[in-house]
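Here the structure comes first, spelled out in structure tokens, and everything after it is commentary.
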Amino acid sequence: MTRPTGYADNPDTPVLDRVTWPADLRRLSDAELARCADELRAETISAVSQTGGHLGSSLGVVELSVAIHAVFNTPYDKLVWDVGHQCYPHKILTGRRARIRTLRQKDGLSGFTKRSESDYDPFGAAHSSTSISAALGFTMARELGQATGDAIAVIGDGSISAGMAYEALNNAGDLGRRLFVILNDNDMSIAPPTGAMSRYLAGLSGQSPLAALKDIADGVASHLPEPLRQGAERARELVTGHPKSATLFEHLGFTYVGPVNGHDMGQLLSVLRAAKARATGPVLIHAVTVKGKGYAPAEGSDCCYHGVAKFDVATGQQKKSAANAPNYTGVFGDELLKLAEQDTRIVGVTAAMPGGTGLTALQKALPSRVFDVGIAEQHAVTFSAGLAAGGLRPFCAIYSSFLQRGYDQVVHDVALQNLPVRFMIDRAGLVGADGPTHAGAFDIGFMAALPNMVVMACADEAELVHMMATAAAHDSGPIALRYPRGEGTGAAMPETGEVLAIGKGRILSEGSDVALLSFGAHLSEAEEAATALRARGISVTVADARFAKPLDTDLVDQLADSHRALITVEQGAVLGFGGLVLHHLAASARLDGRCSVRTMHLPDRFIDQASPSEMYADAGLSADYIAAEALSALGAVDLSQNRKARA
């Protein structure tokens, strides 16, 4: 890796303009590194104002990003960001500044770390609590002779609460190898000073030999004036239960250092340099940061600008497009509150996403009836099973891609015991800018595979209301309802939800040539395809399956027996709804050639971020593709080459 053409060590040049790769940081003075962090913060704000994305978390780690890359020899040393939504400053520092305004766009940079994007992203992530496990894997690869250096995991105070993080900490402590975990703690009120503690820490790196890391940890609080010393003790108490006790991390075999000010470049550099020079086993550095640091609208926001649309830098005003219809998550939240007001047994469960899943309305109105269990999907599922076994009616609201993390619990603790947990599966299907890590592609298959499970998908926001009423009334076992991210279709909303007959679909329009059987929110695309087919003189039936399990076999038989072609359409992976239809038709001896049956689903590959419409076009699921598939099934066109290209 080389410097860009025209690089010059001109003191009048902005420091960030002299940094293309982390190696450039290592030639800067500590004062220049501090300037670089200020400029990096401004660059991050400017970029995200044009693209949208995860701003608050990225602003909270600006100084950490600079300091880590300045002290450690990345990419030989492996820097692993937990979740990865805070990686925008890291991307700017690692050769991607010129493309930073393509974040989260089609053919642009991912909003998370991604191995195929850069050598500086050694481990991809977009789900939480994986970083320590991955970093320990790199550590042991080094210990077994592979060409890799130190491993550094940066994990937030929310992510470290998950069980997987503690499993990794326990294993790392047992192995006892040199490993660095930086706890990015942005949920505390103390602000370690820039005076006495900074001077103490700065002096450590000038000592020869350096003080042992334990001495650093024990010496920090003693060099603080009151009342700041009390603040440091409160910070330590957060992770130990007692300000004078050994921390949990120390009991697990880590050397604990902290708390340190994650926005004080001098403190960070001193601690990281000392840790790098002295560590022989696992070290946890507890850095206190502020989410949204340095940008007043983000610091003052309740959600700290966790995820933002494009915005005006001067005012912080987000440029969200006007809604044409209520979004599915909002409809779910409002309807759940109505149901809960009528039924005291209804409760909501979320895994650290009350806002994202729409539970905020119920949480504000009936706070004792909402349980936010933290980043712990496994616990959320089994906790919901316990609530159901205790006589309550739990609505467990988890994104499709996150529910994957609790699948064993869905199988063992819910389905096996036939407990009436209501799974509200948000973000079903493709989700746009968050890309493949957040796509809800697999839940149809993995939920429908389970005995006792009922699986529904709503075609529009009105159907969502009816299906919530159905879920609330369903006490005979578990039931799952999937719905997409974003706006609905503008359907007329019912005053109250109707309890639907379990396992029964509906026909919206009748024809005789081809039947389009949709499961879920792609019904509007099926109807658009039907309009195009009718314009060509083809008679089309459009049906909404409503249920994947139990499958409406009477409806499937009717469509297969009375049409020349049957096309299933879904926003899920292969072997989902279409697979269930094919299985039934084969079992009932209807795959005899009289009706040409085709299944349309997501292809067997991950689809990179773009707008949802672009992603579905990439997947071959737009209305044009559905119409073309119907024509092919009728023998009117040959799509074999198109299918190969999309696969």
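Chain labels follow the order of the structure tokens: the first chain is A, the next B, and so on; residue numbering restarts at 1 in every chain, and ligands are counted from 1 in their shown order.
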
Could you give me, as a ChimeraX atom specification, the residues within 8 Å of Cys87 of chain A, counting only C-alpha atoms and dropping anything in the same chain fewer than 2 positions from it?
/A:58,81,84-85,89-91,111-113

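Across the structure, atom CA of Ala532 of chain A and atom CA of Asp460 of chain A are spaced 20.9 Å apart.
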
With distances taken over only C-alpha atoms, the candidate from A:Gly477, A:Pro451, A:Gly488, A:Pro550 nearest Leu523 of chain A is A:Gly488

Contacts of Phe371 of chain A at 8 Å (only C-alpha atoms; same-chain gap of 4+ positions) as a PyMOL selection string
chain A and resi 347-350

Residues of the last selection are to be written out with C-alpha atoms, as an mmCIF file, in the first residue's frame.
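Output below, filename part26.cif:
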data_model
loop_
_atom_site.group_PDB
_atom_site.id
_atom_site.type_symbol
_atom_site.label_atom_id
_atom_site.label_comp_id
_atom_site.auth_asym_id
_atom_site.auth_seq_id
_atom_site.Cartn_x
_atom_site.Cartn_y
_atom_site.Cartn_z
ATOM 1 C CA VAL A 347 -47.537 -8.605 26.948
ATOM 2 C CA GLY A 348 -44.738 -7.555 24.606
ATOM 3 C CA VAL A 349 -41.195 -8.929 24.541
ATOM 4 C CA THR A 350 -38.254 -7.420 22.640
#

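Nearest residue to Ala480 of chain A among A:Val410, A:Ala352, A:Ala501, A:Val61 is A:Val410, counting only C-alpha atoms.
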